[in-house]
Each structure stands twice: as C-alpha cells, then as structure tokens.
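**Student:** So here's protein26.txt (compact mmCIF, C-alpha atoms).
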# COMPACT_ATOMS: atom_id res chain seq x y z
CA MET A 258 13.13 -17.09 16.90
CA THR A 259 13.75 -13.97 14.84
CA ARG A 260 11.99 -10.86 16.18
CA PHE A 261 10.79 -7.96 14.04
CA GLY A 262 9.71 -4.36 14.46
CA PHE A 263 7.39 -2.23 12.38
CA ILE A 264 7.29 1.57 12.22
CA LEU A 265 3.86 3.20 12.28
CA HIS A 266 2.85 6.82 11.96
CA ALA A 267 -0.44 8.73 11.92
CA LEU A 268 -1.67 9.16 8.35
CA LYS A 269 -3.48 12.30 9.47
CA ALA A 270 -3.77 14.17 12.76
CA ALA A 271 -7.11 12.51 13.61
CA ASP A 272 -5.42 9.07 13.57
CA ALA A 273 -3.44 10.03 16.66
CA ALA A 274 -6.65 9.39 18.60
CA ARG A 275 -6.10 5.63 18.11
CA LYS A 276 -3.37 5.92 20.76
CA TYR A 277 -4.28 9.22 22.44
CA PRO A 278 -8.11 9.65 22.61
CA VAL A 279 -7.85 13.32 23.65
CA ALA A 280 -6.57 14.10 20.13
CA ARG A 281 -10.08 13.82 18.70
CA TYR A 282 -11.06 16.98 20.59
CA LEU A 283 -8.14 19.12 19.42
CA PRO A 284 -7.56 21.03 16.16
CA ASP A 285 -5.28 19.25 13.69
CA SER A 286 -2.68 22.01 13.93
CA VAL A 287 -2.45 21.54 17.70
CA VAL A 288 -2.21 17.76 17.39
CA GLU A 289 0.62 18.05 14.85
CA TRP A 290 2.45 20.59 17.01
CA LEU A 291 2.20 18.29 20.03
CA MET A 292 3.32 15.27 18.02
CA ALA A 293 6.37 17.11 16.71
CA MET A 294 7.38 17.74 20.31
CA MET A 295 6.97 14.11 21.33
CA PRO A 296 9.71 11.50 21.00
CA ASN A 297 9.03 8.25 19.16
CA ARG A 298 7.03 5.77 21.21
CA PHE A 299 6.76 2.03 21.83
CA ILE A 300 3.19 1.27 20.75
CA SER A 301 2.58 -2.43 21.41
CA GLU A 302 3.96 -5.96 21.48
CA ILE A 303 2.88 -8.33 18.67
CA THR A 304 2.38 -11.97 19.65
CA GLY A 305 0.97 -15.30 18.46
CA ILE A 306 2.27 -15.45 14.87
CA GLU A 307 2.86 -19.04 13.79
CA SER A 308 3.46 -20.43 10.30
CA PRO A 309 2.05 -23.79 9.14
CA THR A 310 5.72 -24.82 8.94
CA GLY A 311 5.99 -24.43 12.73
CA ALA A 312 8.10 -21.28 12.54
CA ARG A 313 7.13 -18.56 15.02
CA THR A 314 7.90 -14.90 15.47
CA GLU A 315 7.03 -11.97 17.69
CA GLY A 316 7.60 -8.28 17.28
CA CYS A 317 6.59 -4.75 18.17
CA PHE A 318 5.07 -1.59 16.77
CA ILE A 319 7.08 1.60 17.17
CA GLY A 320 5.37 4.94 16.58
CA CYS A 321 7.15 7.63 14.61
CA MET A 322 5.32 10.65 15.98
CA LEU A 323 4.77 12.56 12.76
CA THR A 324 1.81 12.71 10.38
CA SER A 325 1.99 12.11 6.63
CA ARG A 326 2.04 15.84 5.98
CA GLN A 327 4.86 16.39 8.46
CA LEU A 328 6.93 13.57 6.94
CA LEU A 329 6.56 14.81 3.36
CA GLU A 330 6.53 18.57 3.85
CA GLY A 331 8.91 18.88 6.78
CA ASP A 332 12.71 18.96 6.81
CA PRO A 333 13.81 15.70 5.07
CA GLU A 334 16.88 15.33 7.28
CA LYS A 335 14.80 15.69 10.44
CA SER A 336 12.20 13.23 9.15
CA THR A 337 14.91 10.71 8.28
CA ALA A 338 16.48 11.15 11.72
CA ARG A 339 13.14 10.43 13.39
CA ILE A 340 12.70 7.25 11.35
CA ILE A 341 16.25 6.09 12.14
CA ASP A 342 15.56 6.67 15.82
CA ALA A 343 12.36 4.58 15.56
CA CYS A 344 14.34 1.75 13.95
CA LYS A 345 16.87 1.88 16.79
CA MET A 346 14.01 1.67 19.30
CA ALA A 347 12.81 -1.46 17.51
CA ALA A 348 16.32 -2.92 17.78
CA ASP A 349 16.43 -2.04 21.48
CA ASN A 350 13.23 -4.07 21.84
CA GLY A 351 14.91 -7.10 20.31
CA ALA A 352 14.00 -6.68 16.63
CA GLN A 353 16.45 -8.12 14.10
CA ILE A 354 14.58 -6.76 11.09
CA VAL A 355 12.33 -3.70 10.86
CA GLY A 356 9.64 -2.68 8.38
CA LEU A 357 8.94 0.91 7.34
CA GLY A 358 5.22 1.64 7.27
CA ALA A 359 3.33 4.08 5.02
CA LEU A 360 5.33 7.26 4.30
CA THR A 361 8.31 6.27 6.43
CA ALA A 362 9.07 4.05 3.42
CA VAL A 363 8.91 7.03 1.03
CA VAL A 364 10.95 9.73 2.78
CA GLY A 365 14.33 10.37 1.19
CA ASP A 366 15.70 7.46 -0.81
CA LYS A 367 13.08 4.87 0.14
CA GLY A 368 14.90 3.21 3.00
CA ILE A 369 18.48 3.12 1.72
CA THR A 370 19.91 5.78 4.04
CA ILE A 371 17.91 4.42 6.96
CA ALA A 372 19.31 0.93 6.35
CA GLU A 373 22.85 2.32 6.19
CA LYS A 374 22.44 3.97 9.58
CA THR A 375 20.65 1.08 11.30
CA ASP A 376 22.31 -2.07 12.65
CA ILE A 377 19.41 -4.41 11.78
CA GLY A 378 17.77 -5.37 8.48
CA VAL A 379 15.34 -2.90 6.93
CA THR A 380 12.52 -3.38 4.42
CA THR A 381 9.84 -1.10 3.03
CA GLY A 382 7.56 -4.09 2.46
CA ASN A 383 7.00 -2.89 -1.09
CA SER A 384 7.68 -6.21 -2.82
CA TYR A 385 4.78 -8.00 -1.14
CA THR A 386 2.66 -4.86 -1.52
CA VAL A 387 3.16 -5.16 -5.29
CA ALA A 388 2.28 -8.86 -5.27
CA THR A 389 -0.96 -8.34 -3.36
CA ALA A 390 -1.95 -5.22 -5.33
CA VAL A 391 -1.71 -7.03 -8.67
CA GLU A 392 -3.43 -10.13 -7.28
CA GLY A 393 -6.20 -8.01 -5.78
CA LEU A 394 -6.80 -6.01 -8.96
CA LEU A 395 -6.99 -9.13 -11.14
CA LYS A 396 -9.31 -10.90 -8.70
CA GLY A 397 -11.55 -7.83 -8.45
CA ALA A 398 -11.63 -7.53 -12.24
CA GLU A 399 -12.74 -11.14 -12.55
CA MET A 400 -15.50 -10.69 -9.96
CA ILE A 401 -16.95 -7.63 -11.73
CA GLY A 402 -16.66 -9.20 -15.16
CA HIS A 403 -13.63 -7.61 -16.78
CA ASP A 404 -11.17 -9.58 -18.88
CA PRO A 405 -7.75 -7.94 -18.29
CA ALA A 406 -6.46 -9.34 -21.57
CA SER A 407 -8.92 -7.14 -23.42
CA SER A 408 -9.03 -4.20 -20.99
CA THR A 409 -7.16 -0.99 -20.24
CA VAL A 410 -5.28 -0.66 -16.94
CA ALA A 411 -4.15 2.70 -15.52
CA ILE A 412 -1.43 2.93 -12.89
CA LEU A 413 -1.37 6.16 -10.89
CA GLY A 414 2.07 6.83 -9.45
CA ALA A 415 3.62 4.57 -12.07
CA THR A 416 7.17 5.89 -11.75
CA GLY A 417 7.39 5.12 -8.04
CA SER A 418 8.96 1.91 -6.74
CA ILE A 419 5.62 0.10 -6.36
CA GLY A 420 3.92 1.49 -9.47
CA LYS A 421 6.83 0.68 -11.75
CA VAL A 422 6.91 -3.02 -10.86
CA CYS A 423 3.11 -3.24 -11.01
CA ALA A 424 3.37 -1.90 -14.57
CA LYS A 425 6.01 -4.50 -15.50
CA LEU A 426 3.94 -7.34 -14.04
CA LEU A 427 0.70 -6.27 -15.68
CA ALA A 428 2.01 -5.24 -19.10
CA PRO A 429 2.13 -8.76 -20.59
CA ASN A 430 -1.41 -9.51 -19.40
CA VAL A 431 -3.49 -6.51 -20.51
CA ALA A 432 -4.59 -5.00 -23.81
CA ARG A 433 -3.61 -1.44 -22.98
CA LEU A 434 -1.60 0.22 -20.22
CA VAL A 435 -1.74 3.89 -19.22
CA VAL A 436 1.04 4.97 -16.85
CA VAL A 437 0.47 8.17 -14.90
CA GLY A 438 2.90 10.34 -12.96
CA ARG A 439 4.07 13.88 -12.40
CA ARG A 440 7.33 13.90 -14.41
CA PRO A 441 7.10 13.42 -18.18
CA GLU A 442 10.76 12.43 -18.53
CA ALA A 443 10.39 9.64 -15.96
CA LEU A 444 7.21 8.41 -17.65
CA GLU A 445 8.89 8.34 -21.07
CA GLN A 446 11.75 6.32 -19.58
CA LEU A 447 9.30 3.86 -18.01
CA VAL A 448 7.48 3.38 -21.32
CA ASP A 449 10.81 2.68 -23.02
CA GLU A 450 11.63 0.09 -20.34
CA LEU A 451 8.25 -1.60 -20.72
CA ARG A 452 8.58 -1.79 -24.47
CA GLY A 453 12.11 -3.14 -24.21
CA ASP A 454 11.42 -5.87 -21.66
CA GLY A 455 10.64 -8.48 -24.30
CA GLY A 456 7.61 -10.74 -24.45
CA ARG A 457 4.12 -9.53 -25.20
CA THR A 458 3.86 -5.73 -25.14
CA PRO A 459 0.45 -4.03 -24.92
CA ASP A 460 -0.48 -0.63 -26.29
CA ILE A 461 1.25 1.71 -23.80
CA GLU A 462 0.83 5.43 -23.27
CA TRP A 463 1.78 7.90 -20.56
CA THR A 464 0.11 11.01 -19.18
CA THR A 465 0.35 13.45 -16.28
CA ASP A 466 -3.43 13.99 -16.40
CA ILE A 467 -5.18 11.65 -13.96
CA PRO A 468 -8.79 12.31 -15.08
CA SER A 469 -7.78 11.70 -18.70
CA ALA A 470 -6.24 8.34 -17.78
CA LEU A 471 -9.24 7.28 -15.70
CA SER A 472 -11.65 8.12 -18.51
CA LYS A 473 -10.06 5.28 -20.53
CA ALA A 474 -9.40 2.64 -17.88
CA PRO A 475 -11.88 0.33 -16.15
CA LEU A 476 -9.02 -1.18 -14.10
CA ILE A 477 -6.80 1.00 -11.91
CA ILE A 478 -3.98 0.67 -9.41
CA ALA A 479 -3.54 3.86 -7.38
CA VAL A 480 -0.22 4.21 -5.58
CA THR A 481 0.79 7.87 -5.50
CA SER A 482 2.44 9.57 -2.53
CA ALA A 483 -0.07 12.45 -2.59
CA LEU A 484 -1.25 13.81 0.74
CA ASP A 485 -4.79 14.33 -0.54
CA SER A 486 -7.09 12.21 -2.67
CA VAL A 487 -6.53 12.32 -6.44
CA VAL A 488 -9.48 10.19 -7.62
CA GLU A 489 -12.93 11.78 -7.43
CA PRO A 490 -16.39 10.33 -8.21
CA HIS A 491 -16.73 11.96 -11.63
CA ASP A 492 -13.37 10.53 -12.77
CA LEU A 493 -14.35 6.86 -12.86
CA LEU A 494 -16.05 4.74 -15.50
CA PRO A 495 -19.12 2.69 -14.47
CA GLY A 496 -17.92 -0.71 -13.32
CA ALA A 497 -14.39 0.50 -12.65
CA VAL A 498 -12.24 -1.53 -10.26
CA VAL A 499 -9.70 0.49 -8.27
CA CYS A 500 -7.03 -1.10 -6.08
CA ASP A 501 -5.98 1.77 -3.81
CA VAL A 502 -2.55 0.93 -2.42
CA ALA A 503 -1.69 4.46 -1.27
CA ARG A 504 -1.65 5.53 2.36
CA PRO A 505 -3.06 8.18 2.74
CA ARG A 506 -5.72 7.01 0.28
CA ASP A 507 -5.67 8.16 -3.33
CA VAL A 508 -9.43 7.61 -3.73
CA SER A 509 -11.74 10.20 -2.21
CA VAL A 510 -14.27 8.97 0.35
CA ALA A 511 -16.83 10.73 -1.87
CA VAL A 512 -16.44 7.81 -4.30
CA ALA A 513 -17.81 5.44 -1.66
CA GLN A 514 -20.68 7.84 -0.99
CA ASN A 515 -21.64 8.61 -4.59
CA ARG A 516 -20.52 5.80 -6.90
CA ALA A 517 -22.30 2.56 -6.07
CA ASP A 518 -21.38 1.32 -9.55
CA VAL A 519 -17.62 1.06 -8.93
CA LEU A 520 -15.50 -1.22 -6.75
CA VAL A 521 -12.72 0.34 -4.67
CA ILE A 522 -10.58 -2.10 -2.74
CA GLU A 523 -7.80 -1.42 -0.28
CA GLY A 524 -4.53 -2.84 -1.54
CA GLY A 525 -2.66 -5.29 0.59
CA ALA A 526 -5.05 -6.51 3.29
CA VAL A 527 -3.41 -9.81 4.30
CA ALA A 528 -4.41 -12.65 6.63
CA VAL A 529 -1.62 -13.47 9.11
CA PRO A 530 -1.31 -17.08 10.36
CA GLY A 531 -1.57 -18.09 14.00
CA ASP A 532 -3.40 -16.73 17.02
CA VAL A 533 -2.16 -13.24 16.22
CA ASP A 534 -2.64 -10.29 18.57
CA PHE A 535 -1.27 -6.89 17.56
CA HIS A 536 -2.43 -5.32 20.83
CA PHE A 537 -3.21 -2.14 18.87
CA ASP A 538 -6.07 -1.06 16.63
CA PHE A 539 -4.63 0.24 13.35
CA GLY A 540 -7.95 -0.01 11.55
CA PHE A 541 -7.90 -3.62 10.30
CA PRO A 542 -9.90 -6.63 11.52
CA PRO A 543 -8.15 -9.05 13.93
CA LYS A 544 -5.40 -11.26 12.48
CA THR A 545 -4.99 -9.13 9.35
CA ALA A 546 -2.25 -6.70 8.36
CA TYR A 547 -1.08 -4.46 5.57
CA ALA A 548 1.09 -6.24 3.02
CA CYS A 549 4.11 -4.13 4.03
CA MET A 550 3.71 -5.38 7.62
CA ALA A 551 3.24 -8.91 6.34
CA GLU A 552 6.48 -8.77 4.34
CA THR A 553 8.40 -7.90 7.50
CA ILE A 554 6.75 -10.78 9.37
CA ILE A 555 7.40 -13.24 6.54
CA LEU A 556 11.09 -12.38 6.49
CA ALA A 557 11.26 -12.86 10.27
CA LEU A 558 9.60 -16.29 9.96
CA GLU A 559 12.24 -17.18 7.38
CA GLY A 560 15.01 -15.98 9.70
CA ARG A 561 16.01 -13.41 7.07
CA THR A 562 17.56 -10.39 8.77
CA GLY A 563 19.18 -8.64 5.81
CA ASP A 564 17.81 -5.61 3.96
CA TYR A 565 15.08 -6.46 1.47
CA SER A 566 12.80 -4.07 -0.47
CA LEU A 567 14.78 -0.84 -0.60
CA GLY A 568 15.18 1.96 -3.12
CA ALA A 569 13.25 2.96 -6.21
CA ASP A 570 13.99 -0.10 -8.32
CA LEU A 571 12.28 -3.24 -7.05
CA THR A 572 12.61 -6.40 -9.12
CA ILE A 573 10.05 -8.87 -10.40
CA GLU A 574 12.28 -11.65 -9.03
CA ARG A 575 11.99 -10.27 -5.50
CA VAL A 576 8.23 -9.83 -5.82
CA THR A 577 7.94 -13.43 -7.00
CA GLU A 578 10.16 -14.66 -4.16
CA ILE A 579 8.24 -12.93 -1.36
CA ALA A 580 4.91 -14.09 -2.83
CA ALA A 581 6.18 -17.69 -2.72
CA LEU A 582 7.40 -17.26 0.86
CA ALA A 583 4.00 -15.82 1.80
CA ARG A 584 2.24 -18.92 0.49
CA LYS A 585 4.74 -21.14 2.30
CA HIS A 586 3.97 -19.47 5.63
CA GLY A 587 0.19 -19.30 5.20
CA PHE A 588 -0.29 -15.64 4.26
CA GLY A 589 -2.86 -14.57 1.67
CA LEU A 590 -5.39 -11.91 0.73
CA ALA A 591 -7.88 -11.48 3.56
CA GLY A 592 -10.87 -10.79 1.36
CA PHE A 593 -11.61 -7.29 0.10
CA ARG A 594 -11.99 -4.14 2.18
CA SER A 595 -13.17 -0.74 1.04
CA PHE A 596 -12.91 2.39 3.20
CA GLU A 597 -12.44 0.23 6.30
CA CYS A 598 -15.50 -1.93 5.55
CA THR A 599 -15.69 -5.51 4.32
CA VAL A 600 -16.64 -5.90 0.66
CA THR A 601 -19.53 -8.39 0.65
CA GLU A 602 -20.99 -10.52 -2.12
CA GLU A 603 -23.93 -8.12 -2.10
CA THR A 604 -21.53 -5.25 -2.87
CA ILE A 605 -20.02 -7.16 -5.80
CA ASP A 606 -23.48 -8.04 -7.13
CA ARG A 607 -24.58 -4.40 -6.83
CA VAL A 608 -21.59 -3.09 -8.79
CA ARG A 609 -22.11 -5.71 -11.50
CA ARG A 610 -25.81 -4.89 -11.72
CA LEU A 611 -25.46 -1.11 -11.81
CA ALA A 612 -22.58 -1.18 -14.27
CA GLY A 613 -23.83 -4.03 -16.45
CA GLU A 614 -25.12 -2.02 -19.38
CA ALA A 615 -22.15 0.36 -19.39
CA LEU A 616 -19.65 -2.51 -19.29
CA GLN A 617 -21.00 -3.74 -22.60
CA THR A 618 -20.13 -0.42 -24.27
CA TYR A 619 -16.40 -0.40 -23.47
CA PRO A 620 -14.51 -0.45 -26.79
CA ASP A 621 -11.73 -2.57 -25.28
CA ARG A 622 -14.05 -5.19 -23.81
CA ASP A 623 -14.77 -8.54 -25.48
Hey, can you dump this file as structure tokens for me?

**Tutor:**
Amino acid sequence: MTRFGFILHALKAADAARKYPVARYLPDSVVEWLMAMMPNRFISEITGIESPTGARTEGCFIGCMLTSRQLLEGDPEKSTARIIDACKMAADNGAQIVGLGALTAVVGDKGITIAEKTDIGVTTGNSYTVATAVEGLLKGAEMIGHDPASSTVAILGATGSIGKVCAKLLAPNVARLVVVGRRPEALEQLVDELRGDGGRTPDIEWTTDIPSALSKAPLIIAVTSALDSVVEPHDLLPGAVVCDVARPRDVSVAVAQNRADVLVIEGGAVAVPGDVDFHFDFGFPPKTAYACMAETIILALEGRTGDYSLGADLTIERVTEIAALARKHGFGLAGFRSFECTVTEETIDRVRRLAGEALQTYPDRD
C-alpha cells in the first residue's frame, strides 16, 4: 500500500482555532506571531480510503504553521523552507507522495524547488483541481440555464497554472472568453497561445480590470492568489455562475448575503471512496475533500510516487489523465457547496427564478 501526506495551513488566523480553540479569543496579529514561532505539526492520520478496484491507501495531514498572508508576504526562502520541512515530516510518517495544499502550492516556483529538495513525490494537485473546476462550472451553467456555447466565460487569475489550463479547456466550448490577470504581457501571451492552439477559437479578449470582465460574463472561474476577495456583489450579472477555486476565496461573503440571484460554488469538492476518516475538521462534510487532496490520494491508490502537477505549465493531457484515474477509483464531484453550505435544489430554483428575466436579455444568450 502506498501512503501519502498532505500539507495544510491556516487560510487566515481564525482558522487556527480548528486545531487550537484558544486562537478564537486572540487577536489575529498575536495568533500569527505565535504560529510563526511554532514548528510544523502532525495534524492527523487519514484512514479508510478504498477504491472500487480494491486498492487502498492511508495517509496523514501535516500542518505548515503559517497563514496565507505569512506565506505570500513573508520571506520566500523561509516559507519554502517551512514547506520542505513539512514534506519531510510527511515522509517520516511513511508518506511516499505528498500534496501541497492551498498556498503551499503557490509559493516560489509552484512546487518545483520543493520537489527537488524532497525525497518523495510531490504534487500541487492542480491537474485534478482544473478538471473539477471546469466540470463544476459547466454543470452549474446547465442547472441555471446557460448554454456555454453561446455564453461568455471570464477566468480570473488566467495566467496562473490552474487558470491557464482552464482557459485552454474551455476555449473550444464557449462563444467568448475573457482572461483576467495582473500582467498585460502575460495575458497577451496567453491570448496568442489560445488562438494558436488550433480547433475552434472563440472571441477572446484580455483585461486587468476584474469588474469590467464580470460585467460581460455570466460564467466565471475565479482562481487568483489574492489574499482578499476580488469579487463583490455589485460586480456580478443576475444569474451569474461563479466557480471559486481560490483559497482564500476570491468571492466576498457579501455576495452570499446580498445576491440571491447568483450561484457561487466552491471549486473542487470531491467525494472520496471508502469508509474515509480524516480525523480532522477542515471545513468539509465527512468523506469529501478538496480536489488537490483528492489528486494526491488518487496517485497513491495508483501506486504513483513520482512528481506530478508541478510548475506553471500544466498540460491538458495530464488533466485528462488524472480525471480518468479519478473515475477509475470512484472519485467525483460531491454536489455543490457555497460558503461552506450545501447548495440545494431550492437554491438552484431560487437563482433561476430571480434571474429569469435578466437571463433573457443577455446579448450572447440563445
């Protein structure tokens, strides 16, 4: 049996209370100061994972004791060293492959240096994250009543490793694509790549202005590495469907509070096969995991211990491969979640009802 490890970190200081309840009574600055002083920690053992093929695996969570802000705004060399140490802890606990969770997969060169300095396989989990994000967006679009082939899709964070492959997968299937990022030169290069890939090419444009992009797009994938939300209630069209892949979230909680006419779904909530017990509450229902976690587990079930989704340039071939392996081992979307709540049929009906008249006015809608 191939064992795996997965590196967790607190998205914000308040999340530290999941492991250390006293943190909820302390100021964020104090929590972050304490965490910076703490070594990485073994969080929990993961048991009970079993594929329909009969393959089994077990693993562990290792905590990298830094928040998102500390990982992105702190010394990159120190952050990388902490992540490498967490990977070595996973190896010491028997892991033969380790997954990098949330912003541990973003720091530096997206896992390449960490893999070079670690004796076991490393993956960011980004390939399966892409597969589930695209699947989730298209399924959500269908449920609300959008036809992607006649709609505009915006991708926020389109020049990142996940956003870029999402753009390549979606381009042949939509009427119009708006790619959004911070660097104009990188966006221009991405547009050139999309237009030169062959096959059907939609109308493609790029922008650095998120509200401008969202004013044109009823379908959105949000996958920036921003520390704070970048999508606010007034940005979204009625009936918009947003697949928020980013952790921390790209979509403000104010959207959930003020826009009953839009559907925001968390990217990559995946059902894991077997009588799974993570022995730790990371905010998901039992027997479900983030897609990046699931990719690590899938590779372990396959006995694959080499590096997998690393660097800024993922491939469609790898996304297709991991999606096929997921189906083989009984993984799949675990229904929709939005701001840590289950998306019910009543929610879908409400969005359709409230947005119905506005949906008919979209110029790019059949």

**Student:** So that I can check the surroundings of Ile477 in chain A, please list as a PyMOL selection string every protein, DNA and RNA residue that reaches within 12 Å of it, counting all atoms listed in the file and ignoring chain neighbours fewer than 6 positions away.

**Tutor:** chain A and resi 390-391+393-395+397-398+405+408-415+420+423-424+427+431+433-437+467-468+470-471+488+492-494+496-502+507-508+519-524

**Student:** Applying 8 Å and all atoms listed in the file, which residues near range 322-338 of chain A remain after dropping the ones on its own chain fewer than 5 positions away? List them as a PyMOL selection string.

**Tutor:** chain A and resi 266-270+289+292-293+295-298+360-361+364-365+371+484+505

**Student:** For Thr259 in chain A, list every protein, DNA or RNA residue within 10 Å, evaluated using all atoms listed in the file, and leave out those in the same chain fewer than 4 positions away; present the list as a PyMOL selection string.

**Tutor:** chain A and resi 312-316+351-354+554+556-562

**Student:** Identify which of the residues A:Pro284, A:Ala580, A:Met550, A:Lys544 lies closest to Glu307 in chain A, counting only C-alpha atoms when measuring atom-to-atom distances.

**Tutor:**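 That would be A:Lys544, the residue with the smallest distance to Glu307 in chain A.
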
**Student:** Suppose you want the space between CA of Ile340 in chain A and CA of Asp485 in chain A; what is it in Å?

**Tutor:** 22.3 Å

**Student:** Which residue out of A:Val379, A:Val422, A:Leu283, A:Ala372 has the minimum interatomic distance to Arg575 in chain A when only C-alpha atoms are used?

**Tutor:**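 Checking each candidate against Arg575 in chain A, we get A:Val422 as the closest.
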
**Student:** To one decimal place, how far is CA of Ala388 in chain A from CA of Ala513 in chain A in Å?

**Tutor:**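 Separation between CA of Ala388 in chain A and CA of Ala513 in chain A: 24.9 Å.
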
**Student:** Take CA of Ile461 in chain A and CA of Asn430 in chain A and report the distance between them in Å, one decimal.

**Tutor:** 12.3 Å

**Student:** Do a neighbour search on Gly356 in chain A at 9 Å with only C-alpha atoms, toss out local chain neighbours closer than 2 positions, and write the hits as a list in words.

**Tutor:**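 Neighbouring residues, sequence-local ones excluded: Phe261, Gly262, Phe263, Ile264, Cys344, Ile354, Gly358, Ala362, Gly378, Val379, Thr380, Thr381, Gly382, Cys549, Met550, Glu552, Thr553 and Ile554 of chain A.
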
**Student:** Go ahead and write the residues just picked, C-alpha atoms, as a PDB file, keeping the file's coordinate frame.

**Tutor:**
ATOM      1  CA  PHE A 261      10.790  -7.960  14.040  1.00  0.00           C
ATOM      2  CA  GLY A 262       9.710  -4.360  14.460  1.00  0.00           C
ATOM      3  CA  PHE A 263       7.390  -2.230  12.380  1.00  0.00           C
ATOM      4  CA  ILE A 264       7.290   1.570  12.220  1.00  0.00           C
ATOM      5  CA  CYS A 344      14.340   1.750  13.950  1.00  0.00           C
ATOM      6  CA  ILE A 354      14.580  -6.760  11.090  1.00  0.00           C
ATOM      7  CA  GLY A 358       5.220   1.640   7.270  1.00  0.00           C
ATOM      8  CA  ALA A 362       9.070   4.050   3.420  1.00  0.00           C
ATOM      9  CA  GLY A 378      17.770  -5.370   8.480  1.00  0.00           C
ATOM     10  CA  VAL A 379      15.340  -2.900   6.930  1.00  0.00           C
ATOM     11  CA  THR A 380      12.520  -3.380   4.420  1.00  0.00           C
ATOM     12  CA  THR A 381       9.840  -1.100   3.030  1.00  0.00           C
ATOM     13  CA  GLY A 382       7.560  -4.090   2.460  1.00  0.00           C
ATOM     14  CA  CYS A 549       4.110  -4.130   4.030  1.00  0.00           C
ATOM     15  CA  MET A 550       3.710  -5.380   7.620  1.00  0.00           C
ATOM     16  CA  GLU A 552       6.480  -8.770   4.340  1.00  0.00           C
ATOM     17  CA  THR A 553       8.400  -7.900   7.500  1.00  0.00           C
ATOM     18  CA  ILE A 554       6.750 -10.780   9.370  1.00  0.00           C
TER      19      ILE A 554
END

**Student:** Given the choices A:Asp532, A:Tyr547, A:Leu476, A:Leu291, which gets closest to Glu399 in chain A if the distance is worked out from only C-alpha atoms?

**Tutor:**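 Ranking A:Asp532, A:Tyr547, A:Leu476, A:Leu291 by distance to Glu399 in chain A, first place goes to A:Leu476.
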
**Student:** How big is the axis-aligned box around all listed atoms of range 274-285 of chain A once 3 Å goes on each side, and where's its centre, in Å to one decimal, as JSON?

**Tutor:**
{"center_x": -7.2, "center_y": 13.3, "center_z": 18.7, "size_x": 13.7, "size_y": 21.4, "size_z": 16.0}

**Student:** Taking 3 positions as the minimum chain separation for residues in the same chain, which residues sit within 12 Å of Thr572 in chain A when counting all atoms listed in the file? Answer as a list in words.

**Tutor:**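 Counting all atoms listed in the file, the residues come to Asn383, Ser384, Tyr385, Val387, Ala388, Ser418, Ile419, Gly420, Lys421, Val422, Cys423, Ala424, Lys425, Leu426, Tyr565, Ser566, Leu567, Gly568, Ala569, Arg575, Val576, Thr577, Glu578 and Ile579 of chain A.
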
**Student:** Start from the incomplete input, build N, CA, C and O atoms for range 441-455 of chain A, and deliver everything as a CSV table (one decimal), keeping the file's coordinate frame.

**Tutor:**
chain,number,residue,atom,x,y,z
A,441,PRO,N,7.1,14.0,-16.8
A,441,PRO,CA,7.1,13.4,-18.2
A,441,PRO,C,8.4,12.6,-18.5
A,441,PRO,O,8.3,11.6,-19.1
A,442,GLU,N,9.5,13.1,-18.2
A,442,GLU,CA,10.8,12.4,-18.5
A,442,GLU,C,10.8,11.0,-17.9
A,442,GLU,O,11.3,10.1,-18.5
A,443,ALA,N,10.4,10.9,-16.6
A,443,ALA,CA,10.4,9.6,-16.0
A,443,ALA,C,9.4,8.7,-16.6
A,443,ALA,O,9.6,7.5,-16.7
A,444,LEU,N,8.2,9.2,-17.0
A,444,LEU,CA,7.2,8.4,-17.6
A,444,LEU,C,7.7,7.9,-19.0
A,444,LEU,O,7.5,6.7,-19.4
A,445,GLU,N,8.4,8.8,-19.8
A,445,GLU,CA,8.9,8.3,-21.1
A,445,GLU,C,9.9,7.2,-20.9
A,445,GLU,O,10.0,6.3,-21.6
A,446,GLN,N,10.8,7.4,-19.9
A,446,GLN,CA,11.8,6.3,-19.6
A,446,GLN,C,11.1,5.0,-19.2
A,446,GLN,O,11.5,3.9,-19.7
A,447,LEU,N,10.0,5.1,-18.4
A,447,LEU,CA,9.3,3.9,-18.0
A,447,LEU,C,8.7,3.2,-19.2
A,447,LEU,O,8.8,1.9,-19.4
A,448,VAL,N,8.1,4.0,-20.1
A,448,VAL,CA,7.5,3.4,-21.3
A,448,VAL,C,8.5,2.7,-22.2
A,448,VAL,O,8.3,1.6,-22.7
A,449,ASP,N,9.7,3.3,-22.3
A,449,ASP,CA,10.8,2.7,-23.0
A,449,ASP,C,11.2,1.4,-22.4
A,449,ASP,O,11.5,0.4,-23.1
A,450,GLU,N,11.3,1.3,-21.0
A,450,GLU,CA,11.6,0.1,-20.3
A,450,GLU,C,10.6,-1.0,-20.6
A,450,GLU,O,10.9,-2.2,-20.8
A,451,LEU,N,9.3,-0.6,-20.5
A,451,LEU,CA,8.2,-1.6,-20.7
A,451,LEU,C,8.3,-2.2,-22.1
A,451,LEU,O,8.1,-3.4,-22.3
A,452,ARG,N,8.5,-1.3,-23.1
A,452,ARG,CA,8.6,-1.8,-24.5
A,452,ARG,C,9.8,-2.6,-24.8
A,452,ARG,O,9.9,-3.4,-25.7
A,453,GLY,N,10.9,-2.4,-24.0
A,453,GLY,CA,12.1,-3.1,-24.2
A,453,GLY,C,12.3,-4.4,-23.4
A,453,GLY,O,13.3,-5.0,-23.4
A,454,ASP,N,11.3,-4.7,-22.6
A,454,ASP,CA,11.4,-5.9,-21.7
A,454,ASP,C,11.3,-7.2,-22.4
A,454,ASP,O,11.6,-8.3,-21.8
A,455,GLY,N,10.8,-7.2,-23.6
A,455,GLY,CA,10.6,-8.5,-24.3
A,455,GLY,C,9.3,-9.1,-24.0
A,455,GLY,O,8.6,-8.6,-23.1
